[in-house]
>>> print(open('entry.cif').read())   # mmCIF, C-alpha atoms
data_protein
#
loop_
_atom_site.label_atom_id
_atom_site.label_comp_id
_atom_site.auth_asym_id
_atom_site.auth_seq_id
_atom_site.Cartn_x
_atom_site.Cartn_y
_atom_site.Cartn_z
CA MET T 23 -12.57 -8.38 13.44
CA THR T 24 -13.19 -9.62 9.91
CA PHE T 25 -10.29 -10.46 7.59
CA VAL T 26 -11.21 -10.08 3.91
CA GLY T 27 -8.73 -11.91 1.71
CA ALA T 28 -7.77 -13.89 4.80
CA GLY T 29 -5.53 -16.19 2.75
CA SER T 30 -2.90 -13.42 2.63
CA VAL T 31 0.52 -14.87 3.46
CA GLU T 32 1.69 -11.99 5.64
CA PHE T 33 -1.04 -9.77 7.03
CA THR T 34 -3.46 -12.30 8.52
CA ARG T 35 -0.63 -13.97 10.44
CA ASN T 36 0.88 -10.71 11.71
CA VAL T 37 -2.35 -8.96 12.66
CA ALA T 38 -3.86 -12.05 14.28
CA ALA T 39 -0.66 -12.67 16.27
CA ASP T 40 -0.65 -9.05 17.48
CA LEU T 41 -4.31 -9.08 18.47
CA CYS T 42 -4.01 -12.42 20.25
CA GLY T 43 -0.96 -11.12 22.09
CA TYR T 44 -2.75 -8.16 23.69
CA PRO T 45 -3.71 -9.17 27.27
CA GLU T 46 -6.61 -6.68 27.17
CA PHE T 47 -8.24 -8.70 24.38
CA ARG T 48 -7.93 -12.14 26.01
CA ASP T 49 -11.12 -14.20 25.70
CA GLY T 50 -12.86 -11.31 23.94
CA LEU T 51 -11.78 -11.70 20.31
CA HIS T 52 -13.89 -12.97 17.45
CA LEU T 53 -11.73 -13.30 14.35
CA ALA T 54 -13.92 -13.91 11.30
CA LEU T 55 -12.18 -15.01 8.09
CA TYR T 56 -13.36 -14.61 4.49
CA ASP T 57 -11.68 -15.61 1.25
CA ILE T 58 -12.94 -16.66 -2.18
CA SER T 59 -10.44 -19.55 -2.29
CA PRO T 60 -11.52 -22.62 -0.26
CA GLU T 61 -7.90 -23.72 0.08
CA ARG T 62 -6.63 -20.34 1.24
CA LEU T 63 -9.58 -19.97 3.62
CA ALA T 64 -8.96 -23.38 5.19
CA HIS T 65 -5.27 -22.49 5.58
CA ALA T 66 -6.17 -19.19 7.26
CA GLU T 67 -8.58 -20.91 9.64
CA ARG T 68 -5.92 -23.44 10.69
CA LEU T 69 -3.35 -20.67 11.09
CA VAL T 70 -5.47 -18.29 13.17
CA SER T 71 -6.83 -21.10 15.33
CA ARG T 72 -3.28 -22.23 16.00
CA ILE T 73 -2.19 -18.67 16.85
CA SER T 74 -5.08 -18.31 19.30
CA ALA T 75 -4.29 -21.63 20.98
CA GLN T 76 -0.54 -21.03 21.16
CA THR T 77 -0.94 -17.54 22.68
CA GLY T 78 -3.75 -18.56 25.02
CA ALA T 79 -5.94 -15.79 23.60
CA GLY T 80 -9.13 -17.83 23.70
CA ALA T 81 -10.32 -16.25 20.45
CA THR T 82 -13.40 -17.41 18.59
CA VAL T 83 -12.32 -18.19 15.01
CA THR T 84 -14.88 -18.58 12.22
CA ALA T 85 -14.49 -18.92 8.47
CA SER T 86 -16.96 -18.27 5.66
CA ARG T 87 -16.98 -17.97 1.89
CA ASP T 88 -20.00 -15.67 2.17
CA ARG T 89 -18.76 -12.13 2.64
CA ARG T 90 -21.86 -10.71 4.28
CA THR T 91 -21.90 -13.57 6.78
CA ALA T 92 -18.28 -12.87 7.68
CA LEU T 93 -19.01 -9.13 8.06
CA ALA T 94 -22.01 -9.50 10.35
CA GLY T 95 -21.34 -7.76 13.65
CA ALA T 96 -17.83 -6.65 12.73
CA ARG T 97 -16.29 -3.59 14.39
CA TYR T 98 -13.18 -3.70 12.22
CA VAL T 99 -12.72 -5.09 8.71
CA ILE T 100 -9.18 -5.71 7.48
CA ASN T 101 -8.90 -5.71 3.68
CA GLU T 102 -5.99 -7.76 2.30
CA VAL T 103 -7.26 -8.73 -1.15
CA GLN T 104 -5.04 -9.13 -4.20
CA VAL T 105 -7.40 -9.73 -7.09
CA GLY T 106 -5.99 -12.26 -9.54
CA GLY T 107 -3.02 -13.20 -7.37
CA TYR T 108 0.35 -14.07 -8.85
CA ASP T 109 -0.94 -14.87 -12.36
CA ALA T 110 -2.47 -11.41 -12.76
CA THR T 111 0.69 -9.79 -11.43
CA ARG T 112 2.75 -11.79 -13.89
CA ALA T 113 0.62 -10.43 -16.77
CA ASP T 114 0.99 -6.88 -15.42
CA PHE T 115 4.76 -7.26 -15.84
CA ASP T 116 5.14 -9.51 -18.86
CA ILE T 117 2.84 -7.67 -21.28
CA PRO T 118 4.29 -4.17 -20.69
CA ALA T 119 7.79 -5.68 -20.89
CA ARG T 120 7.04 -6.79 -24.46
CA TYR T 121 6.46 -3.13 -25.28
CA GLY T 122 9.67 -2.06 -23.53
CA VAL T 123 8.04 -0.75 -20.33
CA ARG T 124 10.09 -1.63 -17.26
CA GLN T 125 8.54 -1.88 -13.79
CA THR T 126 9.87 -2.73 -10.36
CA ILE T 127 6.79 -3.29 -8.15
CA GLY T 128 3.87 -2.37 -10.42
CA ASP T 129 1.15 -2.21 -7.74
CA THR T 130 0.64 1.50 -7.14
CA LEU T 131 1.16 3.63 -10.24
CA GLY T 132 2.30 2.87 -13.76
CA ILE T 133 0.60 0.43 -16.06
CA GLY T 134 0.69 -2.32 -13.43
CA GLY T 135 -0.88 -0.06 -10.83
CA ILE T 136 -3.61 1.00 -13.27
CA PHE T 137 -4.68 -2.55 -14.06
CA ARG T 138 -4.39 -3.69 -10.46
CA GLY T 139 -6.67 -0.76 -9.64
CA LEU T 140 -9.18 -1.79 -12.30
CA ARG T 141 -9.30 -5.30 -10.82
CA THR T 142 -9.38 -4.25 -7.18
CA ILE T 143 -11.61 -1.16 -7.09
CA PRO T 144 -14.85 -3.03 -7.94
CA VAL T 145 -14.15 -5.63 -5.24
CA THR T 146 -13.34 -2.99 -2.62
CA VAL T 147 -16.37 -0.89 -3.51
CA GLY T 148 -18.55 -3.99 -3.25
CA LEU T 149 -17.06 -4.73 0.16
CA ALA T 150 -17.83 -1.18 1.33
CA ARG T 151 -21.43 -1.47 0.10
CA ASP T 152 -21.83 -4.69 2.04
CA MET T 153 -20.44 -2.93 5.11
CA GLU T 154 -23.00 -0.13 4.67
CA ASP T 155 -25.72 -2.77 5.01
CA VAL T 156 -24.21 -5.25 7.47
CA CYS T 157 -21.83 -3.31 9.75
CA PRO T 158 -22.21 0.42 8.99
CA ASP T 159 -20.34 1.55 12.10
CA ALA T 160 -17.27 -0.60 11.46
CA TYR T 161 -13.88 0.67 10.33
CA LEU T 162 -12.49 -0.55 7.02
CA LEU T 163 -8.71 -0.87 7.45
CA SER T 164 -7.21 -1.53 4.04
CA TYR T 165 -3.74 -2.89 3.30
CA SER T 166 -4.45 -3.57 -0.37
CA ASN T 167 -2.81 -1.65 -3.19
CA PRO T 168 -3.12 0.62 -5.08
CA MET T 169 -3.77 2.42 -1.81
CA ALA T 170 -4.12 5.95 -3.13
CA MET T 171 -6.94 4.65 -5.37
CA LEU T 172 -8.95 2.31 -3.15
CA PRO T 173 -10.16 4.64 -0.35
CA TRP T 174 -10.89 7.31 -2.98
CA ALA T 175 -13.06 4.84 -4.89
CA VAL T 176 -14.87 3.85 -1.69
CA TYR T 177 -15.90 7.33 -0.63
CA SER T 178 -16.65 8.41 -4.22
CA GLY T 179 -18.55 5.28 -5.18
CA THR T 180 -20.42 4.47 -1.95
CA GLY T 181 -21.95 6.15 1.08
CA PHE T 182 -19.38 4.52 3.34
CA GLY T 183 -16.75 6.85 4.82
CA ARG T 184 -14.90 4.98 7.58
CA VAL T 185 -12.10 3.75 5.34
CA PHE T 186 -8.43 4.06 6.30
CA GLY T 187 -5.55 2.89 4.15
CA LEU T 188 -2.59 1.58 6.16
CA CYS T 189 0.97 1.33 4.84
CA HIS T 190 4.40 0.77 6.40
CA SER T 191 6.32 3.19 4.17
CA VAL T 192 6.18 6.28 6.43
CA ARG T 193 7.06 4.37 9.58
CA ASP T 194 9.92 2.53 7.88
CA THR T 195 11.33 5.72 6.34
CA GLN T 196 11.26 7.58 9.65
CA ALA T 197 13.07 4.68 11.34
CA PHE T 198 15.63 4.60 8.52
CA LEU T 199 16.39 8.33 8.81
CA THR T 200 16.61 8.14 12.59
CA GLU T 201 19.16 5.34 12.42
CA LEU T 202 21.10 6.85 9.52
CA THR T 203 21.64 10.17 11.30
CA GLY T 204 22.17 8.67 14.75
CA ALA T 205 19.22 10.60 16.15
CA ASP T 206 17.60 9.69 19.47
CA PRO T 207 14.28 7.96 18.72
CA ASP T 208 12.77 9.48 21.88
CA ARG T 209 13.68 13.04 20.88
CA VAL T 210 13.30 13.04 17.10
CA ARG T 211 10.12 14.51 15.59
CA PHE T 212 8.71 14.15 12.09
CA LEU T 213 5.99 15.65 9.95
CA THR T 214 5.35 13.51 6.90
CA ALA T 215 2.59 13.85 4.31
CA GLY T 216 1.65 13.53 0.64
CA PHE T 217 0.33 10.56 -1.32
CA ASN T 218 0.82 6.95 -0.33
CA HIS T 219 4.19 5.86 -1.73
CA GLN T 220 4.92 9.47 -2.66
CA ALA T 221 4.77 11.26 0.67
CA PHE T 222 7.67 13.40 1.92
CA VAL T 223 9.32 14.08 5.25
CA LEU T 224 8.45 17.76 5.66
CA ARG T 225 10.06 18.16 9.09
CA PHE T 226 12.87 16.05 10.55
CA GLU T 227 14.01 17.53 13.86
CA GLN T 228 15.61 16.71 17.18
CA ASP T 229 14.96 19.08 20.07
CA GLY T 230 13.59 21.59 17.58
CA GLU T 231 16.71 21.57 15.34
CA SER T 232 16.45 20.32 11.77
CA LEU T 233 18.39 17.14 11.06
CA TYR T 234 18.31 17.69 7.31
CA PRO T 235 21.77 19.36 7.27
CA ARG T 236 23.22 16.32 9.04
CA LEU T 237 21.47 14.01 6.56
CA ALA T 238 22.86 16.00 3.62
CA GLU T 239 26.41 15.72 5.01
CA ILE T 240 26.06 11.95 5.45
CA ILE T 241 24.81 11.57 1.89
CA GLU T 242 27.57 13.73 0.42
CA SER T 243 30.18 11.53 2.09
CA SER T 244 28.59 8.25 0.92
CA PRO T 245 28.90 7.19 -2.75
CA GLY T 246 26.66 4.22 -1.93
CA LEU T 247 23.78 6.37 -0.71
CA GLN T 248 24.13 8.55 -3.79
CA ARG T 249 23.28 5.52 -5.91
CA ARG T 250 19.71 5.35 -4.55
CA VAL T 251 16.75 6.83 -6.40
CA ARG T 252 15.09 8.18 -3.26
CA VAL T 253 18.33 9.99 -2.34
CA GLU T 254 18.48 11.51 -5.82
CA ILE T 255 14.89 12.73 -5.41
CA PHE T 256 15.83 14.20 -2.02
CA ARG T 257 18.83 16.02 -3.55
CA ARG T 258 16.72 17.48 -6.38
CA PHE T 259 13.52 18.30 -4.49
CA GLY T 260 14.84 19.07 -1.01
CA TYR T 261 12.71 16.63 1.01
CA PHE T 262 13.14 12.91 1.62
CA PRO T 263 10.52 10.62 -0.01
CA THR T 264 8.89 7.81 1.94
CA GLU T 265 9.03 5.07 -0.64
CA SER T 266 11.90 2.75 -1.48
CA SER T 267 14.21 3.53 -4.37
CA GLU T 268 12.87 0.59 -6.44
CA HIS T 269 9.31 1.82 -6.07
CA SER T 270 10.10 5.53 -6.44
CA ALA T 271 11.88 4.91 -9.74
CA GLU T 272 8.69 3.85 -11.53
CA TYR T 273 6.62 6.88 -10.48
CA VAL T 274 8.71 9.40 -12.42
CA PRO T 275 10.00 9.65 -16.01
CA TRP T 276 13.75 9.88 -15.43
CA PHE T 277 15.01 6.41 -14.57
CA MET T 278 13.33 3.28 -15.93
CA ARG T 279 13.68 4.20 -19.61
CA HIS T 280 17.45 4.57 -19.48
CA ASP T 281 19.91 1.68 -19.22
CA ASP T 282 22.58 3.85 -17.64
CA GLN T 283 20.17 5.01 -14.92
CA ILE T 284 19.14 1.43 -14.17
CA GLU T 285 22.82 0.64 -13.67
CA ARG T 286 23.76 3.82 -11.82
CA PHE T 287 20.90 3.65 -9.32
CA ARG T 288 20.94 -0.16 -9.04
CA ILE T 289 17.24 -0.47 -9.89
CA PHE T 290 15.90 -4.02 -9.60
CA VAL T 291 13.57 -4.41 -12.60
CA GLY T 292 10.86 -6.98 -11.86
CA ASP T 293 11.53 -6.90 -8.11
CA TYR T 294 7.91 -7.65 -7.18
CA LEU T 295 7.84 -10.86 -9.20
CA GLU T 296 10.66 -12.26 -7.09
CA ARG T 297 8.92 -11.07 -3.91
CA SER T 298 5.69 -12.75 -5.01
CA GLU T 299 7.48 -16.01 -5.70
CA GLU T 300 9.11 -15.80 -2.27
CA ASN T 301 5.65 -15.28 -0.72
CA LEU T 302 4.42 -18.45 -2.40
CA ARG T 303 7.40 -20.35 -1.01
CA GLU T 304 6.68 -18.88 2.42
CA LEU T 305 3.07 -20.05 2.17
CA GLU T 306 4.22 -23.61 1.49
CA SER T 307 6.64 -23.45 4.41
CA LEU T 308 3.88 -22.23 6.71
CA ARG T 309 1.59 -25.03 5.56
CA ARG T 310 4.26 -27.55 6.54
CA ASP T 311 4.64 -25.88 9.93
CA LEU T 312 0.89 -26.11 10.52
CA ALA T 313 0.96 -29.81 9.65
CA SER T 314 3.44 -30.45 12.46
CA ASP T 315 3.02 -30.17 16.21
CA ALA T 316 5.95 -27.78 16.62
CA PRO T 317 5.08 -24.29 17.94
CA LEU T 318 4.83 -21.54 15.35
CA GLU T 319 7.44 -18.80 15.41
CA LEU T 320 5.34 -15.83 16.52
CA GLU T 321 6.84 -12.41 17.12
CA PRO T 322 4.96 -9.14 17.79
CA ALA T 323 4.74 -7.37 14.45
CA SER T 324 3.20 -4.09 15.66
CA GLU T 325 1.10 -4.10 12.51
CA LEU T 326 -0.67 -0.82 11.86
CA ALA T 327 -4.12 -2.41 11.88
CA SER T 328 -3.36 -3.97 15.28
CA LEU T 329 -2.14 -0.65 16.68
CA PHE T 330 -5.18 1.17 15.25
CA ILE T 331 -7.61 -1.31 16.83
CA HIS T 332 -5.79 -1.39 20.16
CA ALA T 333 -5.66 2.41 20.33
CA LEU T 334 -9.42 2.76 19.83
CA GLU T 335 -10.41 -0.14 22.07
CA THR T 336 -8.15 0.78 25.00
CA GLY T 337 -8.02 4.57 24.66
CA THR T 338 -4.24 4.50 24.16
CA GLU T 339 -3.52 7.48 21.91
CA ARG T 340 -1.10 6.88 19.04
CA GLU T 341 -0.04 8.86 16.02
CA LEU T 342 -0.41 6.66 12.96
CA HIS T 343 -0.18 7.60 9.30
CA VAL T 344 -3.38 6.85 7.40
CA ASN T 345 -4.69 7.28 3.88
CA ILE T 346 -8.00 9.15 3.85
CA ARG T 347 -9.98 11.75 1.93
CA ASN T 348 -8.05 15.02 1.84
CA GLY T 349 -10.83 17.47 2.63
CA GLY T 350 -8.37 20.33 3.17
CA LEU T 351 -5.79 18.40 5.20
CA ILE T 352 -3.21 19.25 2.53
CA SER T 353 -4.38 22.59 1.18
CA SER T 354 -2.37 22.46 -2.05
CA LEU T 355 -4.01 19.21 -3.22
CA PRO T 356 -7.66 18.65 -4.28
CA ASP T 357 -10.18 17.99 -1.52
CA GLU T 358 -11.48 14.79 -3.09
CA CYS T 359 -8.16 12.97 -3.45
CA CYS T 360 -6.81 10.40 -0.97
CA VAL T 361 -3.80 11.66 1.00
CA GLU T 362 -1.43 10.15 3.54
CA VAL T 363 -1.25 12.22 6.73
CA PRO T 364 -0.64 11.77 10.47
CA CYS T 365 -3.72 10.83 12.49
CA LEU T 366 -4.22 10.71 16.24
CA VAL T 367 -6.06 7.49 17.08
CA GLY T 368 -7.30 6.85 20.60
CA PRO T 369 -9.87 7.99 23.16
CA GLY T 370 -11.11 10.79 20.90
CA GLY T 371 -11.61 8.48 17.95
CA THR T 372 -9.62 9.37 14.84
CA LYS T 373 -8.30 12.92 14.42
CA PRO T 374 -6.36 13.56 11.20
CA VAL T 375 -3.69 16.25 11.51
CA PRO T 376 -4.00 19.21 9.07
CA VAL T 377 -0.70 19.74 7.26
CA GLY T 378 -1.29 22.93 5.28
CA ALA T 379 0.34 23.53 1.91
CA LEU T 380 3.15 21.35 0.63
CA PRO T 381 6.28 23.02 -0.76
CA PRO T 382 5.39 23.87 -4.38
CA GLN T 383 7.84 21.42 -5.95
CA LEU T 384 6.37 18.55 -3.92
CA ALA T 385 2.80 19.52 -4.77
CA ALA T 386 3.82 19.64 -8.44
CA LEU T 387 5.35 16.16 -8.26
CA ASN T 388 2.30 14.83 -6.39
CA ARG T 389 0.05 16.17 -9.15
CA THR T 390 1.78 13.95 -11.72
CA PHE T 391 0.94 11.03 -9.41
CA LEU T 392 -2.60 12.33 -8.87
CA ASN T 393 -3.34 12.44 -12.61
CA VAL T 394 -2.99 8.67 -12.97
CA VAL T 395 -4.79 7.88 -9.71
CA GLU T 396 -7.80 10.08 -10.43
CA LEU T 397 -8.29 8.83 -13.97
CA THR T 398 -7.99 5.19 -12.89
CA VAL T 399 -10.57 5.70 -10.13
CA ARG T 400 -12.88 7.37 -12.63
CA ALA T 401 -12.23 4.61 -15.16
CA ALA T 402 -13.26 1.93 -12.66
CA LEU T 403 -16.34 3.75 -11.33
CA GLU T 404 -17.51 4.83 -14.82
CA GLU T 405 -16.36 1.57 -16.48
CA SER T 406 -14.67 3.63 -19.19
CA ARG T 407 -11.93 2.25 -21.43
CA ASP T 408 -11.11 5.77 -22.60
CA ARG T 409 -10.28 6.79 -19.02
CA VAL T 410 -7.89 3.84 -18.82
CA TYR T 411 -6.08 4.92 -21.97
CA GLN T 412 -5.88 8.47 -20.59
CA ALA T 413 -4.47 7.29 -17.28
CA ALA T 414 -1.81 5.25 -19.07
CA LEU T 415 -0.94 8.11 -21.44
CA LEU T 416 -0.39 10.42 -18.47
CA ASP T 417 1.66 7.94 -16.44
CA PRO T 418 5.19 9.38 -16.24
CA ASN T 419 7.12 6.13 -16.77
CA THR T 420 4.84 4.85 -19.53
CA ALA T 421 4.77 8.21 -21.33
CA ALA T 422 8.57 8.39 -21.24
CA THR T 423 8.78 5.02 -22.98
CA LEU T 424 5.98 4.61 -25.53
CA THR T 425 4.09 6.42 -28.28
CA THR T 426 0.37 7.03 -27.94
CA ALA T 427 -0.47 4.15 -30.28
CA GLN T 428 1.78 1.78 -28.35
CA VAL T 429 0.15 2.78 -25.05
CA VAL T 430 -3.32 2.01 -26.41
CA ALA T 431 -2.19 -1.33 -27.88
CA MET T 432 -0.56 -2.33 -24.59
CA CYS T 433 -3.74 -1.50 -22.67
CA ASP T 434 -5.80 -3.56 -25.11
CA ASP T 435 -3.52 -6.55 -24.55
CA LEU T 436 -3.92 -6.14 -20.79
CA PHE T 437 -7.70 -5.83 -21.10
CA GLU T 438 -7.69 -9.19 -22.89
CA ALA T 439 -5.34 -10.82 -20.40
CA HIS T 440 -7.46 -9.72 -17.42
CA ARG T 441 -10.89 -10.00 -19.05
CA ASP T 442 -12.26 -12.51 -16.52
CA LEU T 443 -11.22 -10.25 -13.60
CA LEU T 444 -12.68 -7.01 -14.96
CA PRO T 445 -16.23 -5.60 -15.17
CA PRO T 446 -18.10 -6.42 -18.41
CA ALA T 447 -17.56 -2.95 -19.92
CA PHE T 448 -13.81 -3.62 -20.13
CA ARG T 449 -14.21 -6.96 -21.91
CA ARG T 450 -15.53 -5.61 -25.21
#
>>> encode(input="entry.cif", output="structure tokens")
Amino acid sequence: MTFVGAGSVEFTRNVAADLCGYPEFRDGLHLALYDISPERLAHAERLVSRISAQTGAGATVTASRDRRTALAGARYVINEVQVGGYDATRADFDIPARYGVRQTIGDTLGIGGIFRGLRTIPVTVGLARDMEDVCPDAYLLSYSNPMAMLPWAVYSGTGFGRVFGLCHSVRDTQAFLTELTGADPDRVRFLTAGFNHQAFVLRFEQDGESLYPRLAEIIESSPGLQRRVRVEIFRRFGYFPTESSEHSAEYVPWFMRHDDQIERFRIFVGDYLERSEENLRELESLRRDLASDAPLELEPASELASLFIHALETGTERELHVNIRNGGLISSLPDECCVEVPCLVGPGGTKPVPVGALPPQLAALNRTFLNVVELTVRAALEESRDRVYQAALLDPNTAATLTTAQVVAMCDDLFEAHRDLLPPAFRR
């Protein structure tokens, strides 16, 4: 397994701990680490070596700043990159804020998602091209955002097709609904599909009976639940969305522009900046832990990449939600887009589950999401500034806030701020 962006605070630790904890993998793991930062790479090597020793996994741990060297012989490649790190994220928030554009997370859609995509797509496409040459039969398991953009860019911009985006949002939403309604986890059944961070729970049943009426009753009796964006979307569109209220608010035009809606729905503007700062503090804490002889606190994380790998390697079938090329899986969305659907992973390989047509109101909402994603992917692959302006002009939150001239000026400021992280065509 090769970790790309191995200096990630969360994913390298969780996935490595899971893999080292599987008894079937004992003494058979080679965990190869790659990062462009020497400091982060050295930290990751110390961390993973310590995890292997503490769990008794007997893993071989190697580290390299040469990507092709790290990829050689890989069966699975785990992509965790965040191009530009905290400083780039800070610019994604601060510059739009000067124009009056509010964001909560800014990594998937909106102006922050667009510019994160422009920074990350070239790196991910380059990774996939290296995999075509060095490990063409490997699986690329990608945690990086914007997830709806990255796999699309890979299969549109390269000949590599084994790319799967992995995200916690569906699993976490299904667990939340199960607990909220008091359903039996062993008897409840879901069908969930759409775009990453804008998928919907299409079926929510226990013993064949829909639990949506029970959910509606619980919401109607709870003023607190009614002050969540995702609950408001459920009440208006009839199906529960998979993303958090903070994130959902910035994908649509109705909330972020209005002070009263920020207050009513308790929307945390700038949430991701605080999370990023907490991650940096966590990194420092982990460095101190590694400098001591005390055992690390390791708990099974059941990370999706770990479950995916274990299912294929052991023939243990699991249903996981993945982000892949549509190709008719959701018949009311374009074939070439990247959708989030259930997938059976196990002895038969990977078998995505066809979903059919979405309810028309959900397909319509997904298309507003798709507009921004498609134009950003095209902008990155074509290296076109005009496509970037078009993506920003069509973004629901941005369009609800700014004039056309303001959108273009904001993009130009972001081009300048990120010039060293973008392809040459965007620097002019």
>>> resolve_selection(input="entry.cif", expression="the PyMOL selection byres ((chain T and resi 426) around 12)", output="ChimeraX atom specification")
/T:411-417,420-425,427-433
>>> closest_atom_pairs(input="entry.cif", of="region 162-215 of chain T", to="region 87-105 of chain T", cutoff="8 Å", atoms="all atoms listed in the file", output="tab-separated table")
residue	atom	partner	partner_atom	distance
T:Leu162	CA	T:Val99	CA	4.8
T:Leu163	CA	T:Ile100	CA	4.9
T:Ser164	CA	T:Asn101	CA	4.5
T:Tyr165	CA	T:Glu102	CA	5.5
T:Ser166	CA	T:Glu102	CA	5.2
T:Asn167	CA	T:Gln104	CA	7.9
>>> closest_residue(input="entry.cif", among="T:Leu51, T:Leu342, T:Leu308, T:Ile241", to="Pro364 (chain T)", atoms="only C-alpha atoms")
T:Leu342
>>> atom_distance(input="entry.cif", atom1="CA of Lys373 (chain T)", atom2="CA of Met169 (chain T)")
19.9 Å
>>> closest_residue(input="entry.cif", among="T:Ala75, T:Val185, T:Ala313, T:Val291", to="Thr372 (chain T)", atoms="all atoms listed in the file")
T:Val185
>>> residues_around(input="entry.cif", residues="Gly139 (chain T)", least_positions_apart="4", cutoff="10 Å", atoms="only C-alpha atoms", output="PyMOL selection string")
chain T and resi 105+129-131+133-135+143-146+166-172+175+395+398-399+401-402
>>> atom_distance(input="entry.cif", atom1="CA of Ala85 (chain T)", atom2="CA of Thr34 (chain T)")
12.9 Å
>>> atom_distance(input="entry.cif", atom1="CA of Ser74 (chain T)", atom2="CA of Pro45 (chain T)")
12.2 Å
>>> axis_aligned_box(input="entry.cif", around="region 127-139 of chain T", padding_each_side="3 Å", output="lines of an AutoDock Vina configuration file")
center_x = 0.1
center_y = 0.0
center_z = -11.6
size_x = 19.5
size_y = 13.3
size_z = 14.9
